[in-house]
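Containing TSV, C-alpha atoms: entry17.tsv.
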chain	number	residue	atom	x	y	z
A	1	MET	CA	21.10	7.58	19.65
A	2	PRO	CA	24.00	6.05	21.55
A	3	GLY	CA	22.95	3.45	24.06
A	4	VAL	CA	19.42	3.07	22.67
A	5	VAL	CA	18.31	-0.49	23.18
A	6	PRO	CA	16.02	-2.05	20.59
A	7	ARG	CA	12.54	-2.73	21.93
A	8	ILE	CA	12.13	-5.61	19.51
A	9	ARG	CA	14.35	-6.99	16.79
A	10	TYR	CA	13.19	-6.55	13.21
A	11	GLU	CA	13.20	-10.31	12.74
A	12	ASP	CA	10.99	-10.74	15.82
A	13	PHE	CA	8.58	-8.11	14.50
A	14	VAL	CA	8.32	-10.01	11.22
A	15	ALA	CA	7.76	-13.27	13.12
A	16	ARG	CA	5.07	-11.73	15.35
A	17	ALA	CA	3.34	-9.71	12.63
A	18	PRO	CA	4.05	-11.57	9.41
A	19	ALA	CA	0.94	-10.31	7.62
A	20	VAL	CA	1.84	-6.68	8.42
A	21	ALA	CA	5.40	-7.10	7.20
A	22	ALA	CA	4.30	-8.95	4.07
A	23	THR	CA	1.61	-6.38	3.27
A	24	LEU	CA	4.04	-3.47	3.63
A	25	ARG	CA	6.67	-5.27	1.53
A	26	ASP	CA	4.10	-6.10	-1.18
A	27	LEU	CA	2.78	-2.54	-1.20
A	28	SER	CA	6.31	-1.23	-1.43
A	29	LYS	CA	7.02	-3.38	-4.50
A	30	THR	CA	4.15	-1.83	-6.46
A	31	SER	CA	6.05	1.36	-7.25
A	32	GLY	CA	8.90	-0.50	-8.93
A	33	GLU	CA	6.47	-2.81	-10.69
A	34	ALA	CA	4.60	0.25	-11.98
A	35	GLY	CA	7.77	1.37	-13.74
A	36	LEU	CA	9.33	3.88	-11.35
A	37	ASP	CA	13.10	3.69	-11.38
A	38	LYS	CA	14.26	1.57	-8.44
A	39	SER	CA	17.27	3.81	-7.81
A	40	LEU	CA	14.99	6.82	-7.51
A	41	ILE	CA	12.72	4.92	-5.12
A	42	GLU	CA	15.70	4.08	-2.92
A	43	LEU	CA	16.82	7.73	-2.83
A	44	VAL	CA	13.31	8.66	-1.70
A	45	LYS	CA	13.31	5.95	0.97
A	46	VAL	CA	16.71	7.03	2.28
A	47	ARG	CA	15.61	10.67	2.47
A	48	ALA	CA	12.33	9.94	4.28
A	49	SER	CA	14.17	7.64	6.68
A	50	GLN	CA	16.75	10.36	7.40
A	51	ILE	CA	14.01	12.88	8.18
A	52	ASN	CA	12.21	10.40	10.44
A	53	GLY	CA	15.40	9.31	12.20
A	54	CYS	CA	14.92	5.62	11.42
A	55	VAL	CA	18.43	4.21	11.71
A	56	PHE	CA	17.29	0.75	10.60
A	57	CYS	CA	15.63	2.05	7.42
A	58	VAL	CA	18.49	4.44	6.57
A	59	ARG	CA	20.99	1.60	6.74
A	60	PHE	CA	18.67	-0.90	5.00
A	61	HIS	CA	17.95	1.40	2.05
A	62	LEU	CA	21.54	2.61	1.73
A	63	ASN	CA	22.61	-1.04	1.51
A	64	PHE	CA	19.96	-1.74	-1.12
A	65	ALA	CA	20.81	1.42	-3.08
A	66	ARG	CA	24.45	0.38	-3.18
A	67	LYS	CA	23.41	-3.00	-4.61
A	68	LEU	CA	21.47	-1.13	-7.31
A	69	LYS	CA	24.64	0.86	-8.07
A	70	VAL	CA	23.13	4.23	-7.13
A	71	PRO	CA	26.08	6.63	-7.49
A	72	LEU	CA	27.86	7.13	-4.18
A	73	ALA	CA	27.86	10.90	-4.69
A	74	LYS	CA	24.06	10.83	-4.60
A	75	LEU	CA	23.96	8.60	-1.53
A	76	ASP	CA	26.49	10.82	0.22
A	77	LEU	CA	24.56	14.00	-0.57
A	78	VAL	CA	20.89	12.99	-0.41
A	79	ALA	CA	20.53	14.69	3.01
A	80	VAL	CA	21.54	17.99	1.39
A	81	TRP	CA	20.09	17.38	-2.07
A	82	ARG	CA	18.91	20.99	-2.51
A	83	GLU	CA	22.50	22.21	-2.39
A	84	ALA	CA	24.02	19.34	-4.40
A	85	ALA	CA	24.34	19.56	-8.18
A	86	VAL	CA	24.39	15.77	-8.64
A	87	PHE	CA	20.59	15.41	-8.67
A	88	ASP	CA	18.60	15.90	-11.87
A	89	ALA	CA	15.23	17.67	-12.11
A	90	ARG	CA	13.26	14.44	-11.76
A	91	GLU	CA	15.16	13.39	-8.62
A	92	ARG	CA	14.77	16.88	-7.17
A	93	ALA	CA	11.01	16.78	-7.74
A	94	ALA	CA	10.79	13.34	-6.09
A	95	LEU	CA	12.90	14.41	-3.12
A	96	ALA	CA	10.87	17.60	-2.66
A	97	TRP	CA	7.63	15.57	-2.73
A	98	THR	CA	9.18	13.16	-0.22
A	99	GLU	CA	9.94	15.97	2.18
A	100	THR	CA	6.46	17.44	1.72
A	101	LEU	CA	4.74	14.14	2.53
A	102	THR	CA	7.12	13.21	5.33
A	103	ARG	CA	6.90	16.54	7.16
A	104	LEU	CA	3.13	16.81	7.16
A	105	GLY	CA	1.74	20.12	8.30
A	106	PRO	CA	-0.81	22.74	7.34
A	107	GLU	CA	1.02	23.64	4.12
A	108	SER	CA	1.90	20.07	3.10
A	109	ALA	CA	0.99	18.64	-0.27
A	110	SER	CA	-0.07	21.99	-1.63
A	111	ASP	CA	-1.21	22.50	-5.20
A	112	ALA	CA	2.15	24.15	-5.91
A	113	ASP	CA	4.03	21.09	-4.59
A	114	TYR	CA	1.90	18.75	-6.68
A	115	THR	CA	2.24	20.91	-9.79
A	116	ALA	CA	6.02	20.85	-9.40
A	117	LEU	CA	5.90	17.07	-9.04
A	118	ARG	CA	3.71	16.66	-12.12
A	119	ALA	CA	6.14	18.72	-14.19
A	120	GLU	CA	8.50	15.73	-13.92
A	121	PHE	CA	6.18	12.75	-13.36
A	122	SER	CA	3.09	11.42	-15.11
A	123	GLU	CA	-0.10	11.09	-13.08
A	124	SER	CA	0.48	7.35	-12.68
A	125	GLU	CA	4.09	7.87	-11.65
A	126	ALA	CA	3.01	10.52	-9.13
A	127	VAL	CA	0.51	8.06	-7.64
A	128	PHE	CA	3.10	5.31	-7.23
A	129	LEU	CA	5.76	7.69	-5.94
A	130	THR	CA	3.23	8.85	-3.34
A	131	VAL	CA	2.60	5.21	-2.40
A	132	ALA	CA	6.35	4.57	-2.03
A	133	ILE	CA	6.69	7.61	0.24
A	134	GLY	CA	3.68	6.57	2.30
A	135	VAL	CA	4.98	3.04	2.78
A	136	ILE	CA	8.48	4.08	3.83
A	137	ASN	CA	6.98	6.53	6.29
A	138	GLN	CA	4.94	3.67	7.78
A	139	TRP	CA	8.04	1.47	8.05
A	140	ASN	CA	9.92	4.40	9.64
A	141	ARG	CA	7.24	4.83	12.27
A	142	ILE	CA	7.35	1.12	13.13
A	143	GLY	CA	11.16	1.03	13.12
A	144	VAL	CA	11.49	4.13	15.28
A	145	ALA	CA	8.77	3.07	17.72
A	146	LEU	CA	10.24	-0.40	18.17
A	147	ARG	CA	13.85	0.81	17.85
A	148	PHE	CA	14.94	-1.74	15.28
A	149	ALA	CA	18.72	-2.10	15.33
A	150	PRO	CA	20.30	-1.28	11.98
A	151	PRO	CA	21.18	-4.21	9.72
A	152	THR	CA	24.83	-4.88	9.07
A	153	ALA	CA	26.53	-2.99	6.27
A	154	ALA	CA	26.31	-4.46	2.78

Kindly return the structure encoded in the file as structure tokens.
Amino acid sequence: MPGVVPRIRYEDFVARAPAVAATLRDLSKTSGEAGLDKSLIELVKVRASQINGCVFCVRFHLNFARKLKVPLAKLDLVAVWREAAVFDARERAALAWTETLTRLGPESASDADYTALRAEFSESEAVFLTVAIGVINQWNRIGVALRFAPPTAA
């Protein structure tokens, strides 16, 4: 949004609510520590942040994904992943689950959605992927509400 003024800087949020920021960061780390591929987690975080319109989180996770060497074709096309042939079945399942949990509604997280997820992910992986999606959605809601300015490019 052009001309949108941040309500609070990210750094000031962290300074004012250090326990909240630390808890969300620690919770976010659990998915990678549980063995989920960090590149996949970043694709999920970028996609949820795009849906939620969190400019801070989109930029932050694109920067991090680049550091992880996520292929640029995937980063360029994650917004249109359904139409892009660069994503494998596992990534497609994760991105579909991300959209389901980010756009909550009466039909969200259906048995069919979960069955499709489980075709590509173990039960443990599905749990930690769900945690990663939940945490990024929480960060998105904070970032959007407080209008965090995006970090500089990597």

(request) Report the distance between CA of Arg82 (chain A) and CA of Gly32 (chain A) in Å, rounded to one decimal place. (result)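 Spanning CA of Arg82 (chain A) to CA of Gly32 (chain A) is a straight-line distance of 24.6 Å.
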
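CA of Thr30 (chain A) sits 21.7 Å away from CA of Phe56 (chain A).
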
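In terms of minimum interatomic distance to Val80 (chain A), A:Gln50 ranks closest within A:Asn137, A:Thr152, A:Gln50, A:Thr23, counting only C-alpha atoms.
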
(request) Would you mind telling me which residue in A:Ile142, A:Ala48, A:Ala153, A:Leu40 lies nearest to Val14 (chain A) when using all atoms listed in the file? (result) A:Ile142

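Going from CA of Leu24 (chain A) over to CA of Asp88 (chain A), you cover 28.8 Å.
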
Listing only residues of region 101-129 of chain A within 10 Å of region 89-96 of chain A, what is the closest atom pair and its distance in Å (to one decimal) for each, using all atoms listed in the file, sorted by chain and residue number ascending, as JSON lines?
{"residue": "A:Leu101", "atom": "CA", "partner": "A:Ala96", "partner_atom": "CA", "distance": 8.7}
{"residue": "A:Thr102", "atom": "CA", "partner": "A:Ala96", "partner_atom": "CA", "distance": 9.9}
{"residue": "A:Asp113", "atom": "CA", "partner": "A:Ala96", "partner_atom": "CA", "distance": 7.9}
{"residue": "A:Tyr114", "atom": "CA", "partner": "A:Ala93", "partner_atom": "CA", "distance": 9.4}
{"residue": "A:Thr115", "atom": "CA", "partner": "A:Ala93", "partner_atom": "CA", "distance": 9.9}
{"residue": "A:Ala116", "atom": "CA", "partner": "A:Ala93", "partner_atom": "CA", "distance": 6.6}
{"residue": "A:Leu117", "atom": "CA", "partner": "A:Ala93", "partner_atom": "CA", "distance": 5.3}
{"residue": "A:Arg118", "atom": "CA", "partner": "A:Ala93", "partner_atom": "CA", "distance": 8.5}
{"residue": "A:Ala119", "atom": "CA", "partner": "A:Ala93", "partner_atom": "CA", "distance": 8.3}
{"residue": "A:Glu120", "atom": "CA", "partner": "A:Arg90", "partner_atom": "CA", "distance": 5.4}
{"residue": "A:Phe121", "atom": "CA", "partner": "A:Arg90", "partner_atom": "CA", "distance": 7.5}
{"residue": "A:Ala126", "atom": "CA", "partner": "A:Ala94", "partner_atom": "CA", "distance": 8.8}
{"residue": "A:Leu129", "atom": "CA", "partner": "A:Ala94", "partner_atom": "CA", "distance": 7.6}

(request) For Ile133 (chain A), list every protein, DNA or RNA residue within 7 Å, evaluated using all atoms listed in the file, and leave out those in the same chain fewer than 6 positions away; present the list as a PyMOL selection string. (result) chain A and resi 44-45+98
